[in-house]
Each structure stands twice: as structure tokens, then as C-alpha cells.
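**Q** Sharing a structure here in C-alpha cells format.
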Number of protein chains: 4
Amino acid sequence: MPGNGSNLVIAGRTFRSRLILGTGKFASPELMRDALEASGAEMVTVALRRADLSGRHDPFANILEFIDPDRYLILPNTSGAMNAEEAVRLARLAAAAGLPRWVKLEIHPDPRYLLPDPIETLRAAEILVREGFVVLPYINADPVLAKRLQEIGTATVMPLGAPIGSNRGLQTRDQIRIIIEQATVPVVVDAGLGAPSHAAEAMEMGADAVLVNTAIAVAPDPCGMARAFKLAVEAGRMAYEIGLAPAQWEASPTSPLTAFLG
Amino acid sequence: MPGNGSNLVIAGRTFRSRLILGTGKFASPELMRDALEASGAEMVTVALRRADLSGRHDPFANILEFIDPDRYLILPNTSGAMNAEEAVRLARLAAAAGLPRWVKLEIHPDPRYLLPDPIETLRAAEILVREGFVVLPYINADPVLAKRLQEIGTATVMPLGAPIGSNRGLQTRDQIRIIIEQATVPVVVDAGLGAPSHAAEAMEMGADAVLVNTAIAVAPDPCGMARAFKLAVEAGRMAYEIGLAPAQWEASPTSPLTAFLG
Amino acid sequence: MPGNGSNLVIAGRTFRSRLILGTGKFASPELMRDALEASGAEMVTVALRRADLSGRHDPFANILEFIDPDRYLILPNTSGAMNAEEAVRLARLAAAAGLPRWVKLEIHPDPRYLLPDPIETLRAAEILVREGFVVLPYINADPVLAKRLQEIGTATVMPLGAPIGSNRGLQTRDQIRIIIEQATVPVVVDAGLGAPSHAAEAMEMGADAVLVNTAIAVAPDPCGMARAFKLAVEAGRMAYEIGLAPAQWEASPTSPLTAFLG
Amino acid sequence: MPGNGSNLVIAGRTFRSRLILGTGKFASPELMRDALEASGAEMVTVALRRADLSGRHDPFANILEFIDPDRYLILPNTSGAMNAEEAVRLARLAAAAGLPRWVKLEIHPDPRYLLPDPIETLRAAEILVREGFVVLPYINADPVLAKRLQEIGTATVMPLGAPIGSNRGLQTRDQIRIIIEQATVPVVVDAGLGAPSHAAEAMEMGADAVLVNTAIAVAPDPCGMARAFKLAVEAGRMAYEIGLAPAQWEASPTSPLTAFLG
């Protein structure tokens with residue numbers, strides 16, 4: 001895509017957009033659909049409980065009707081799973097229901113900060129990779145865990161910048177820097193990105209993509225905010241590909257200081 | 001401008017772009033011209049010594065030939081001036097040579113960090129405002145100085161984020177926040193913005209515009225970097241106008257946690 | 001002083017302690033006196049309106065009775081002055097009343113953030129230095145202003161870390177670093193230091209002293225907090241004198257990694 | 001201990017000092033011994049390969065001769081172990097050699113950043129707890145992992161502030177804050193603390209202790225630096241126990257602003 005640098009490739013599939021959207025918290029499914037359109041995203045994650053797999057009638061249960069599977073890769077997520085068994089069960093159910101065999105693996109036993117469990121996540125990832133799923137695990141910004149996951153065959157690693165919905169930005173930037181340096185699969189920064197500048201910073205550091213949900217979904221104008229994140233992700237990626245100069249202590253004059261108008 | 005929020009107005013003149021470019025450090029005037037085009041900027045600052053006012057023959061002396069005055073407001077700057085007298089003299093010379101009666105007032109006696117002198121800057125601003133110049137003073141992020149300058153009639157205040165050319169971003173964010181809160185004229189963050197995310201952050205905080213030079217001029221691809229900054233400025237402004245949620249400590253789930261797939 | 005590194009010398013007077021105390025906001029003058037004792041400070045600043053120079057009867061008007069002038073250098077401050085004239089008048093009044101001819105010069109026209117006015121401060125400093133006062137000016141973290149003040153003969157410069165009473169720590173660290181690098185007089189970091197770690201950081205950077213008031217005065221146990229700041233200041237100074245290793249990106253093993261127990 | 005707040009209790013053993021020392025990287029064992037004395041620490045960690053358990057003759061092999069076991073709790077560590085098996089073997093070997101049945105569990109497969117492996121660490125901890133060891137695991141700042149470890153019975157959790165030897169301070173402060181909030185065992189911040197202010201900040205946040213090695217061992221004066229860290233830890237703990245006021249945006253005057261000297 002012109003002006004947007006090279007494409008993102010995950011598990012052999014090519015994406016021109018490096019912004020992935022979550023579908024939670026929108027005021028209505030129509031608003032979600034419009035924000036998705038405005039974001040330019042090509043991948044969108046859906047909590048499996050949201051999809052009408054269960055036969056229950058939740059107002060969002062029909063969310064899948066608002067996402068065109070020809071335009072967007074639907075990435076089922078296991079949000080709400082508290083251990084590997086629950087996560088694996090959800091992933092299988094989604095596949096059985098005809099959703100793509102991709103899964104955003106989220107296992108967070110802690111209801112307060114929704115932080116992911118490293119042990120259960122690795123365990124579930126092993127099972128799901130073996131069963132042929134394309135696994136995108138949501139993890140703490142733990143470089144060793146990230147390495148272990150990519151070694152067993154996950155398609156990405158998705159370290160958090162800060163707790164889900166906290167809008168605190170890249171609080172884990174030092175660890176994410178190491179994860180990026182050591183990665184052999186795409187690194188997607190997920191959670192905590194509350195402003196376009198946070199998304200741009202993640203991209204400038206070399207993250208391959210970012211996932212944003214809360215900041216867009218709860219904004220007074222979700223479509224406008226989706227577009228703002230789209231631009232910021234593009235800006236950050238362009239800067240990364242071109243190469244940013246490092247920060248330095250001394251000033252560097254923008255014009256020669258020696259000669260002065262006589 | 002669609003998607004870019006409301007316009008910027010300085011001294012009665014309207015700008016659709018909130019990115020101002022500096023012209024120093026480019027490898028050639030042609031490259032400067034192309035980056036300016038790519039940036040979407042409508043105002044561009046030129047060191048007076050760069051312009052061929054002096055009759056000397058510096059390779060950049062003809063830089064004005066590369067800037068179309070019908071498309072861009074040329075903002076002469078007094079870079080190199082070490083006190084109020086030198087700055088005032090440069091501004092008058094520029095006006096006499098037919099340049100717009102606008103001036104970016106820069107007085108930095110310190111060659112190492114190029115930090116501005118608050119006393120000389122206020123003194124020169126008083127003189128130039130009285131002479132009818134539109135004065136845009138470059139200052140330390142000092143809220144009381146900013147207030148005094150706007151009280152004597154400067155058209156903007158231009159606090160620095162970090163020393164010129166340091167790429168360190170918004171190191172002075174706490175002070176800039178206060179300046180923005182108290183401003184009655186546009187606040188332009190100038191100096192130190194080394195990455196698109198820095199520019200986006202300044203806009204998200206409510207800055208009215210940013211001035212960027214080094215990060216674009218010395219990039220391996222100045223035009224690409226100019227475009228990245230353009231997008232980041234737009235993204236940050238859009239987010240500011242829509243309204244960003246504050247950072248918070250606890251996580252906020254993106255999907256209901258109570259019900260779990262039965 | 002053993003364990004506390006070299007002494008602090010201001011205007012020819014030697015201090016073993018590098019912690020300066022403010023006397024505002026204490027619940028009672030007795031508590032102030034005890035905290036002063038616990039802090040180990042040898043210099044203490046008193047708002048002139050607090051001292052019973054005016055003949056008014058404010059509960060704190062007799063604060064000077066609680067400070068032994070043989071043990072502590074009383075540093076009158078001009079807090080409340082909104083311009084140079086008011087500050088100069090207060091300083092002269094204090095001297096006339098027999099207080100030391102030292103003055104902490106504070107001029108803050110802004111009641112919300114209490115930020116200092118650079119222009120008025122320089123103007124008052126010029127007058128007071130000429131009149132033989134030992135002048136310690138409270139300033140924004142502005143390196144050029146700091147230079148100008150030391151050039152006209154102030155005994156120190158006192159840049160703020162963050163607004164008075166904000167407890168935000170060294171938000172201006174980048175600018176303070178430059179001030180320290182260029183200083184020819186002692187640099188005292190004043191305002192915003194809300195925790196012992198903030199004071200330690202200032203000392204580690206090479207500040208010569210710190211002034212603390214709010215964080216001690218409003219603590220549930222001001223004497224305990226005074227002692228905590230005392231230890232932190234000593235710790236930071238010791239580390240500075242010994243020399244701290246710079247931060248680095250890579251880990252550096254604390255034990256050889258090659259050989260492993262056979 | 002007077003002035004040092006309440007004591008630290010780990011696995012039923014009481015410590016007056018909240019500073020734990022590492023023994024790597026000192027220029028000589030004598031210097032290590034003297035710094036240990038100066039630090040006031042009562043617990044000291046020793047890499048098992050350092051102790052002469054192997055019969056090899058490494059210059060540091062006799063390091064245990066320099067640590068008086070009546071004054072200091074010797075905490076064997078498994079540094080160098082790359083998986084659970086190696087770590088368990090080292091711990092058993094230390095116990096068999098008569099060292100205390102305590103172990104600082106360190107498993108870091110990555111030689112560059114020495115970051116700990118969450119999976120292997122939990123696995124080894126389970127085995128060692130079952131065998132009656134007092135287990136102090138070194139971990140990434142991962143709140144869920146910390147919870148799981150305390151649930152299986154580790155005596156502490158030891159999250160890292162930044163990579164070992166990096167001197168970068170509390171880069172993981174957001175995550176450590178959550179770990180402290182949720183902890184039922186003492187939280188010891190380990191690794192990355194390069195300056196006394198870093199140690200003070202960890203204590204102010206509510207960490208129960210800190211472990212320092214590199215910053216003291218490689219200082220030009222290790223004994224002086226040990227004393228500086230001792231003071232900073234005491235200062236930070238005192239401030240935590242007394243209670244620090246939160247940071248706030250607006251200034252808070254230290255003296256009444258309404259009345260001004262008539």
C-alpha cells in the first residue's frame with residue numbers, strides 16, 4: 001500500500017493494515033461496523049461469547065452479522081477463559097461453528113486487571129498449535145515467554161502495553177523492545193493503548209501491528225477515533241521503516257551558528 | 001479540512017495544516033521543497049541568514065526560490081541572534097527585503113543547547129509587536145513567560161519540548177500542559193520533536209500546532225518522514241477534538257466477564 | 001562530615017546538610033521545630049509574612065521564636081510577592097528587622113501553580129545583589145535564566161522540579177541536568193519534591209542541595225518524614241560523589257555464565 | 001529497629017534490614033565482605049557455582065569463608081541454571097553441602113538479558129517447595145505468575161525492575177504496583193536498581209525489600225555505595241510507613257496567599 005510501507009504477513013496471510021480492532025464496548029453493533037470501516041483494519045477480534053454460538057440471545061449475539069467475512073479476517077478470542085481447558089474448548093467451538101481456525105488466545109484469571117496467565121497460555125497454545133490453529137497469544141511483556149511461544153509455533157506474540165482498558169500506553173516499553181529484538185514472528189502490541197500517540201510509538205519501536213479496542217469503542221466519536229488511530233499507525237510504521245534518529249543530549253543547530261549577518 | 005478538525009488561526013490568518021516546517025539541515029534545497037510539499041505544511045520558517053538578503057553567496061542563499069509564497073507563508077526566523085538588538089535588526093531587514101512582517105523570534109546565546117533567552121526574547125517581542133510584526137516567540141516551557149508574552153501581544157507562544165535537534169520529545173510536558181491551559185493565543189510546540197508519536201502527543205494534549213525540522217530534514221527519506229509527521233499531527237488533533245479518556249489504574253474489560261459460555 | 005561527602009558552601013558559609021527546609025503548612029510551630037531538628041537541616045526558609053514584622057497577630061507570626069538562630073541560618077523568603085518591587089521591599093524589611101541579609105527570592109504572580117516570573121526575578125535579583133544581599137532565586141528550570149542570574153551574582157540558582165506542593169518530583173529533569181552542567185554556583189532543586197526518592201534523584205544528578213517543605217509539613221508524621229528526606233539526601237549525595245554507572249540496555253551478568261557446575 | 005519501621009519477616013525469620021545483597025562482580029572477596037558490612041544487610045545471596053561445592057579452584061570459590069553465617073543468612077541462588085532440572089539440582093547440592101535450605105530461584109535461559117523463564121521457574125518452585133525449601137523466585141514483573149507462585153507456597157516473589165545489571169531502575173513500576181497490591185508474601189524488587197533513588201522508590205511503592213548487586217559491586221567505592229543504598233532503603237520504607245501524599249496537578253501554596261504585608 002503506497003505510503004504505508006511493507007505489508008504485514010501473519011501465518012502466510014497478507015494484511016495491508018497494521019491496526020487490528022476489538023469489538024467490545026461499542027454502544028451498538030452498527031457503530032462497531034462503522035468504526036471498523038473507518039479504521040481501515042482488515043482483522044477484527046470477536047469474543048466468542050459475543051458470537052451467537054451458544055444459541056442465547058444477547059443483544060450482541062449477532063455481532064457476526066455486522067462483519068463482512070470477505071473483507072475482514074474474523075479473529076475469535078477466548079476472552080473470559082480462566083484456564084487452558086476453557087480456552088481450548090472455546091477455540092474448538094468456534095472452529096466447529098465455521099469461524100476461521102485462527103484464535104486470539106486470552107486467558108486471564110484475574111477479573112481486576114485482566115492480566116494474562118503465562119502458564120495456562122503456553123499450555124493452551126501447545127494444544128491449539130498441534131490442532132492446526134493459527135494462534136495469536138495475548139501475554140504479559142515477558143521476553144522469555146514470548147520466545148517459548150514462538151518456538152512452539154504461535155503465529156504472533158501479543159504483549160500488553162498496559163492493562164486492558166487502562167489507556168496507560170507503553171508502560172512495558174523496555175520489555176517490548178527486547179521482545180521485538182528477539183522475535184521471529186510478528187509482534188502485536190495489545191492492550192493499554194489509549195491514544196494515537198501510543199500506537200505510533202509502538203510502531204516506531206518496530207512492533208508489527210497494534211490491537212486497539214477500548215480507546216476507539218468508548219470515544220465520543222468512535223469512527224473519528226478509529227481514523228485517528230489508523231493515521232497514527234501508518235505514521236509510526238512509516239517512521240520505523242525510514243529510520244528515526246536516536247535521542248541525544250546536546251542540541252544540534254538547524255542552521256549554521258558561526259557566520260552571522262554582518 | 002475534512003478529517004482534520006477545525007482550522008488553526010494565527011493573527012487572523014487561517015491554516016488547515018497544524019504542522020509547521022523548518023528549512024535547516026536538508027541535504028539540498030530541492031529536497032527541502034519536496035518535503036515541504038509532502039508535509040502539507042502551509043507555513044515554513046527560514047533562517048534569515050539563509051535568505052539572500054546579505055548579498056553573500058551561500059549554497060542555501062537562494063532558498064527562497066524554492067518556496068512558493070503563494071502557497072506557503074514564509075516565516076522569517078532570527079536564529080543566530082544572541083540578544084534583542086540582533087533579533088530586532090534581523091526582523092527589520094527581512095521586512096525591508098519584502099518578506100512577510102511575521103517573525104519567529106529565536107534568541108539563543110548558548111551554542112551548545114540553543115536554549116532561548118527569556119529576558120531578551122520578551123524585550124525583542126515588545127519592540128517588534130510595537131512595530132507591527134506578527135511575533136511568534138520560541139521560549140523555554142515557562143508558563144509565566146508565556147503569559148507575559150501573550151499579554152504584550154505576541155501571536156503565539158512556542159515552548160520547546162526538548163533542546164533543538166535532540167529528538168527527546170515532550171520532556172517538558174508538565175509545563176506545556178500549564179501553558180496550554182492558560183493560553184489565550186495558539187500554542188505551538190517547537191523543538192525536540194524527534195518522532196511522529198511526539199508530535200501526536202503534543203496535539204493530543206491540546207497544542208495548536210507543532211514545528212518540526214531536524215527529524216524530517218536529516219531522515220534518510222525526508223519526504224516520507226514529512227508525510228509521517230503530517231499523519232501523526234492529524235491523528236493527534238483528531239483525538240484531541242474528539243476527546244481522549246484519561247489513563248486509569250484498573251483494567252476495564254472489553255467484554256462482560258460474568259456470563260461464560262455454558 | 002563523615003558519610004555525607006563534602007560540604008555545601010553558599011556565599012562563603014559552610015553547611016554540612018544539603019537539605020533545606022521550608023516552614024509553611026505545619027500544623028503547629030512546635031511540630032515545625034521538631035521536624036527541623038529531625039531533618040538535620042541547617043538552613044530554613046521563612047515567609048516574611050510569617051515573621052512578626054508587620055505587627056499583626058497571626059498564629060504563626062511568632063514562628064521565629066521556634067527557630068534557634070545559632071543553629072539555623074534563617075533564610076527569609078519573599079513568597080507572596082507578585083513583582084520585583086514587592087520582593088525588594090520585603091527583603092529590605094526583613095534586613096531592617098535584623099534578619100540575615102540572605103533572601104530566597106520568590107516572585108509568583110500566578111496563584112494557581114505558583115510558578116516564578118523570570119523577568120521580575122532577574123530584575124529584583126539585580127537590585128538585591130547590588131544592595132549586598134545573598135540572593136537565592138527560585139526559578140523555572142530555565143538554563144539561560146540560571147546563567148544570567150549567576151552572572152549577576154546570585155549565590156545559588158533554585159530551579160523547580162515541579163509546581164510547589166504538587167509532589168510530582170523531577171518533571172524538569174532534562175533542564176535541570178543542563179543547569180547543573182553549566183552552573184558556577186550551587187544548584188538547589190526547589191519545589192515539587194514529594195518523596196525521598198525524588199530528593200535522592202536530584203542529588204544523584206549532581207544538585208548541590210534540595211529544599212523540601214510540603215511533603216514534610218503535611219505528612220502524618222512530619223518528624224519521621226523529615227528524617228526520611230535527610231537519609232535520602234545523604235544517600236543521593238554519596239552516590240553522586242562516588243559515581244553511578246550509566247543505565248545500559250543489555251543485562252550484565254552478576255556471575256560468570258560460561259562455566260556451569262559439572 | 002528505631003527509625004527503620006517494622007521488620008521484614010520471610011518464612012518466619014525476622015530481618016531488621018530490608019536490603020539484600022548479591023555477591024557477584026566485586027573486585028575481591030574482601031571488598032565484598034566490607035560492602036556487606038557497610039550495607040547493614042542481613043541476607044546475602046551467593047551463586048552456587050561461586051561456593052566451593054564443586055571442588056574446583058576458582059578465585060571466588062571460597063567466598064563463603066568471607067560471610068559469617070551467624071550474622072548473615074546465606075541465600076544460595078541458582079544463577080546459571082537454564083531449566084528447572086538444573087535449578088533443582090543446584091538447590092539440593094547446596095543443601096547437601098550444609099547451606100541453609102533457602103534458595104533464590106533464578107532460571108534464565110537467555111544470556112543477553114538474563115531474563116527469567118516463567119514456566120521453568122514455576123515448575124522448579126513446585127518441586128522445591130514440596131521438598132521443604134524456602135523458595136524466593138526471581139521473576140519478570142508478571143502479576144499472575146506472582147500470584148501462582150505465592151499460591152504454591154513460595155516465601156516471597158522477586159520481580160525485576162529492569163534487566164540484571166542494566167541500572168535502569170523501576171521500568172516495570174506499573175506491574176510491580178499490581179504485584180504489591182495483590183501479594184500475600186513479601187515482594188522483593190530484584191535487578192535493575194542502579195541508584196539509591198531507585199531503591200527508595202521501590203520501598204515507597206510498598207515493596208518489602210530490594211536486592212542490589214551490580215550497582216554496589218562495580219562502584220568505585222563499594223562500601224560507600226552500600227551505605228548509600230542502606231540509607232535510601234530506610235528512607236523509602238519510612239516514607240511508605242508514614243504515608244506519602246499523592247502527586248497532584250495544581251500547586252498548593254506553602255504560605256497563605258491572600259493576605260499580603262500591608
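Chain labels follow the order of the C-alpha cells: the first chain is A, the next B, and so on; residue numbering restarts at 1 in every chain, and ligands are counted from 1 in their shown order.
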Need the shell around A:Pro196: protein/DNA/RNA residues with any atom at most 7 Å away, counting only C-alpha atoms. Skip same-chain ones fewer than 6 positions apart. Format as a ChimeraX atom specification?
**A** /A:228-229,232 /B:200,235-236
**Q** Which residue, A:Glu201, A:Asp142, A:Glu106, A:Glu131, has the smallest gap to D:Ile119 when you use only C-alpha atoms?
**A**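 Closest to D:Ile119 of all the choices is A:Asp142.
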**Q** Skipping near chain neighbours, those fewer than 2 positions away, what residues fall within 12 Å of B:Pro118 using only C-alpha atoms, listed as a ChimeraX atom specification?
**A** /B:82-84,105-109,115-116,120-125,137-146,148-149,159 /C:117-122,139-149
**Q** Those same residues, written as a PDB file, in the first residue's frame with C-alpha atoms?
**A**
ATOM      1  CA  MET B  82      22.197  36.389  20.650  1.00  0.00           C
ATOM      2  CA  ASN B  83      20.285  39.326  22.042  1.00  0.00           C
ATOM      3  CA  ALA B  84      17.252  41.507  21.428  1.00  0.00           C
ATOM      4  CA  LEU B 105      11.688  35.167  17.368  1.00  0.00           C
ATOM      5  CA  GLU B 106      14.629  32.997  18.399  1.00  0.00           C
ATOM      6  CA  ILE B 107      17.322  34.341  20.682  1.00  0.00           C
ATOM      7  CA  HIS B 108      19.723  31.751  21.975  1.00  0.00           C
ATOM      8  CA  PRO B 109      23.050  32.875  23.340  1.00  0.00           C
ATOM      9  CA  LEU B 115      18.061  27.347  24.552  1.00  0.00           C
ATOM     10  CA  PRO B 116      16.192  30.629  24.318  1.00  0.00           C
ATOM     11  CA  GLU B 120      15.970  39.178  25.573  1.00  0.00           C
ATOM     12  CA  THR B 121      13.034  37.427  23.969  1.00  0.00           C
ATOM     13  CA  LEU B 122      10.483  39.439  25.912  1.00  0.00           C
ATOM     14  CA  ARG B 123      12.404  42.626  25.209  1.00  0.00           C
ATOM     15  CA  ALA B 124      12.597  42.000  21.473  1.00  0.00           C
ATOM     16  CA  ALA B 125       8.964  40.911  21.377  1.00  0.00           C
ATOM     17  CA  PRO B 137       8.436  33.663  20.115  1.00  0.00           C
ATOM     18  CA  TYR B 138      10.438  30.493  20.760  1.00  0.00           C
ATOM     19  CA  ILE B 139      10.668  30.016  24.514  1.00  0.00           C
ATOM     20  CA  ASN B 140      11.522  27.636  27.288  1.00  0.00           C
ATOM     21  CA  ALA B 141       8.396  25.875  28.596  1.00  0.00           C
ATOM     22  CA  ASP B 142       7.841  28.631  31.142  1.00  0.00           C
ATOM     23  CA  PRO B 143       4.153  29.321  31.795  1.00  0.00           C
ATOM     24  CA  VAL B 144       4.718  32.762  33.361  1.00  0.00           C
ATOM     25  CA  LEU B 145       6.862  33.919  30.453  1.00  0.00           C
ATOM     26  CA  ALA B 146       4.250  32.563  28.055  1.00  0.00           C
ATOM     27  CA  ARG B 148       3.682  37.776  29.706  1.00  0.00           C
ATOM     28  CA  LEU B 149       4.338  37.344  26.019  1.00  0.00           C
ATOM     29  CA  PRO B 159       7.536  26.450  24.010  1.00  0.00           C
TER      30      PRO B 159
ATOM     31  CA  ASP C 117       8.283  35.105  36.991  1.00  0.00           C
ATOM     32  CA  PRO C 118      11.639  35.132  35.162  1.00  0.00           C
ATOM     33  CA  ILE C 119      11.652  38.816  34.310  1.00  0.00           C
ATOM     34  CA  GLU C 120      10.723  40.165  37.726  1.00  0.00           C
ATOM     35  CA  THR C 121      13.042  37.692  39.409  1.00  0.00           C
ATOM     36  CA  LEU C 122      16.046  38.816  37.396  1.00  0.00           C
ATOM     37  CA  ILE C 139      13.160  29.895  39.103  1.00  0.00           C
ATOM     38  CA  ASN C 140      11.639  27.764  36.440  1.00  0.00           C
ATOM     39  CA  ALA C 141      14.110  25.151  35.199  1.00  0.00           C
ATOM     40  CA  ASP C 142      15.438  27.543  32.571  1.00  0.00           C
ATOM     41  CA  PRO C 143      19.159  27.118  31.878  1.00  0.00           C
ATOM     42  CA  VAL C 144      19.616  30.517  30.218  1.00  0.00           C
ATOM     43  CA  LEU C 145      17.911  32.339  33.073  1.00  0.00           C
ATOM     44  CA  ALA C 146      20.031  30.363  35.540  1.00  0.00           C
ATOM     45  CA  LYS C 147      23.145  31.523  33.727  1.00  0.00           C
ATOM     46  CA  ARG C 148      22.067  35.138  33.707  1.00  0.00           C
ATOM     47  CA  LEU C 149      21.335  35.045  37.416  1.00  0.00           C
TER      48      LEU C 149
END
**Q** Would you list the contacts of C:Leu93 as a list in words, taking every protein, DNA or RNA residue within 9 Å and counting only C-alpha atoms, but skipping same-chain residues closer than 5 positions in sequence?
**A** Leu48, Leu53, Val88, Gly98 and Leu99 of chain C
**Q** Would you compute the distance between atom CA of C:Glu42 and atom CA of C:Ser17? Give it in Å to one decimal.
**A**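 These two atoms are separated by 6.3 Å.
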**Q** Do you know which residues are at most 10 Å from D:Gly161 counting only C-alpha atoms, after dropping those on the same chain fewer than 3 positions away, and could you put them as a PyMOL selection string?
**A** chain D and resi 139-141+158+164+166-173+175-176+189-194+198-199+202+210
**Q** Store the residues of this selection in a file with N, CA and C atoms, as a short mmCIF file (atom, residue, chain, number, x, y, z; two decimals), in the first residue's frame.
**A**
data_model
loop_
_atom_site.label_atom_id
_atom_site.label_comp_id
_atom_site.auth_asym_id
_atom_site.auth_seq_id
_atom_site.Cartn_x
_atom_site.Cartn_y
_atom_site.Cartn_z
N ILE D 139 11.53 -13.31 39.15
CA ILE D 139 10.57 -13.38 38.05
C ILE D 139 10.48 -12.06 37.29
N ASN D 140 9.94 -12.16 36.10
CA ASN D 140 9.51 -10.97 35.39
C ASN D 140 8.40 -10.31 36.23
N ALA D 141 8.14 -9.04 36.00
CA ALA D 141 7.11 -8.37 36.78
C ALA D 141 5.73 -8.77 36.24
N MET D 158 10.00 -12.15 43.67
CA MET D 158 11.08 -11.20 43.42
C MET D 158 11.02 -10.69 41.99
N ILE D 164 18.99 -7.46 34.79
CA ILE D 164 20.14 -7.53 35.69
C ILE D 164 21.30 -6.66 35.17
N SER D 166 21.47 -3.61 34.41
CA SER D 166 21.18 -2.54 33.44
C SER D 166 21.10 -1.16 34.08
N ASN D 167 20.95 -1.10 35.40
CA ASN D 167 20.85 0.18 36.12
C ASN D 167 19.70 1.06 35.67
N ARG D 168 18.68 0.46 35.11
CA ARG D 168 17.59 1.27 34.55
C ARG D 168 16.47 1.57 35.53
N GLY D 169 16.55 1.05 36.72
CA GLY D 169 15.54 1.38 37.73
C GLY D 169 14.22 0.66 37.52
N LEU D 170 13.14 1.27 38.02
CA LEU D 170 11.84 0.60 38.03
C LEU D 170 11.08 0.76 36.72
N GLN D 171 11.62 0.20 35.66
CA GLN D 171 10.94 0.29 34.37
C GLN D 171 9.60 -0.44 34.40
N THR D 172 9.46 -1.37 35.29
CA THR D 172 8.24 -2.18 35.36
C THR D 172 7.31 -1.71 36.48
N ARG D 173 7.39 -0.42 36.82
CA ARG D 173 6.68 0.03 38.03
C ARG D 173 5.18 -0.23 38.01
N GLN D 175 3.54 -2.73 36.74
CA GLN D 175 3.26 -4.13 37.04
C GLN D 175 3.63 -4.45 38.50
N ILE D 176 4.70 -3.84 38.96
CA ILE D 176 5.11 -4.09 40.35
C ILE D 176 4.06 -3.54 41.31
N VAL D 189 11.98 -6.42 45.29
CA VAL D 189 12.32 -5.98 43.93
C VAL D 189 13.79 -6.28 43.68
N ASP D 190 14.04 -6.95 42.59
CA ASP D 190 15.35 -7.52 42.32
C ASP D 190 15.75 -7.15 40.90
N ALA D 191 16.95 -6.71 40.72
CA ALA D 191 17.53 -6.48 39.38
C ALA D 191 17.17 -5.11 38.82
N GLY D 192 18.17 -4.47 38.27
CA GLY D 192 17.96 -3.21 37.57
C GLY D 192 18.08 -1.98 38.44
N LEU D 193 18.13 -2.15 39.76
CA LEU D 193 18.20 -0.97 40.63
C LEU D 193 19.63 -0.43 40.62
N GLY D 194 19.82 0.66 39.92
CA GLY D 194 21.17 1.17 39.69
C GLY D 194 21.54 2.38 40.52
N HIS D 198 16.39 4.66 43.01
CA HIS D 198 15.58 3.54 42.51
C HIS D 198 15.13 2.66 43.68
N ALA D 199 16.04 2.40 44.58
CA ALA D 199 15.70 1.56 45.74
C ALA D 199 14.67 2.27 46.62
N ALA D 202 11.21 2.03 45.06
CA ALA D 202 10.60 0.70 45.24
C ALA D 202 10.01 0.58 46.65
N VAL D 210 14.49 -4.88 48.81
CA VAL D 210 15.12 -4.84 47.49
C VAL D 210 16.42 -5.64 47.54
#
**Q** Just the residues within 9 Å of C:Ser39, please, counting only C-alpha atoms, with nothing from its chain fewer than 3 positions along; format it as a short mmCIF file (atom, residue, chain, number, x, y, z; two decimals) with N, CA and C atoms, in the first residue's frame.
**A**
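The file below, selection.cif, is the result:
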data_model
loop_
_atom_site.label_atom_id
_atom_site.label_comp_id
_atom_site.auth_asym_id
_atom_site.auth_seq_id
_atom_site.Cartn_x
_atom_site.Cartn_y
_atom_site.Cartn_z
N SER C 17 24.72 19.90 56.03
CA SER C 17 23.50 19.31 55.49
C SER C 17 23.16 19.92 54.13
N LEU C 19 20.08 19.50 52.89
CA LEU C 19 18.61 19.59 52.90
C LEU C 19 18.22 20.92 53.52
N ILE C 20 17.41 21.67 52.81
CA ILE C 20 16.92 22.96 53.31
C ILE C 20 15.43 22.79 53.55
N LEU C 21 14.96 23.31 54.66
CA LEU C 21 13.54 23.12 54.99
C LEU C 21 12.74 24.40 54.79
N ASP C 34 10.25 20.60 65.68
CA ASP C 34 10.71 19.23 65.85
C ASP C 34 11.13 18.59 64.52
N ALA C 35 10.38 18.89 63.48
CA ALA C 35 10.73 18.35 62.16
C ALA C 35 12.06 18.94 61.69
N LEU C 36 12.25 20.19 61.98
CA LEU C 36 13.51 20.85 61.62
C LEU C 36 14.68 20.15 62.30
N GLU C 42 20.30 22.83 58.21
CA GLU C 42 20.98 23.94 58.87
C GLU C 42 20.52 25.28 58.29
N CYS C 223 8.08 14.60 61.61
CA CYS C 223 9.45 14.34 62.06
C CYS C 223 10.01 13.10 61.38
N GLY C 224 9.20 12.06 61.30
CA GLY C 224 9.64 10.86 60.62
C GLY C 224 9.94 11.15 59.16
N MET C 225 9.07 11.92 58.52
CA MET C 225 9.29 12.21 57.11
C MET C 225 10.53 13.09 56.92
N ALA C 226 10.77 13.99 57.86
CA ALA C 226 11.98 14.82 57.79
C ALA C 226 13.22 13.94 57.86
N ARG C 227 13.17 12.94 58.72
CA ARG C 227 14.31 12.04 58.83
C ARG C 227 14.47 11.21 57.55
N ALA C 228 13.37 10.80 56.95
CA ALA C 228 13.44 10.04 55.70
C ALA C 228 14.10 10.88 54.60
N PHE C 229 13.69 12.14 54.50
CA PHE C 229 14.32 13.01 53.48
C PHE C 229 15.80 13.22 53.79
N LYS C 230 16.13 13.38 55.06
CA LYS C 230 17.54 13.52 55.44
C LYS C 230 18.37 12.34 54.92
N LEU C 231 17.89 11.13 55.17
CA LEU C 231 18.63 9.95 54.73
C LEU C 231 18.72 9.89 53.21
#
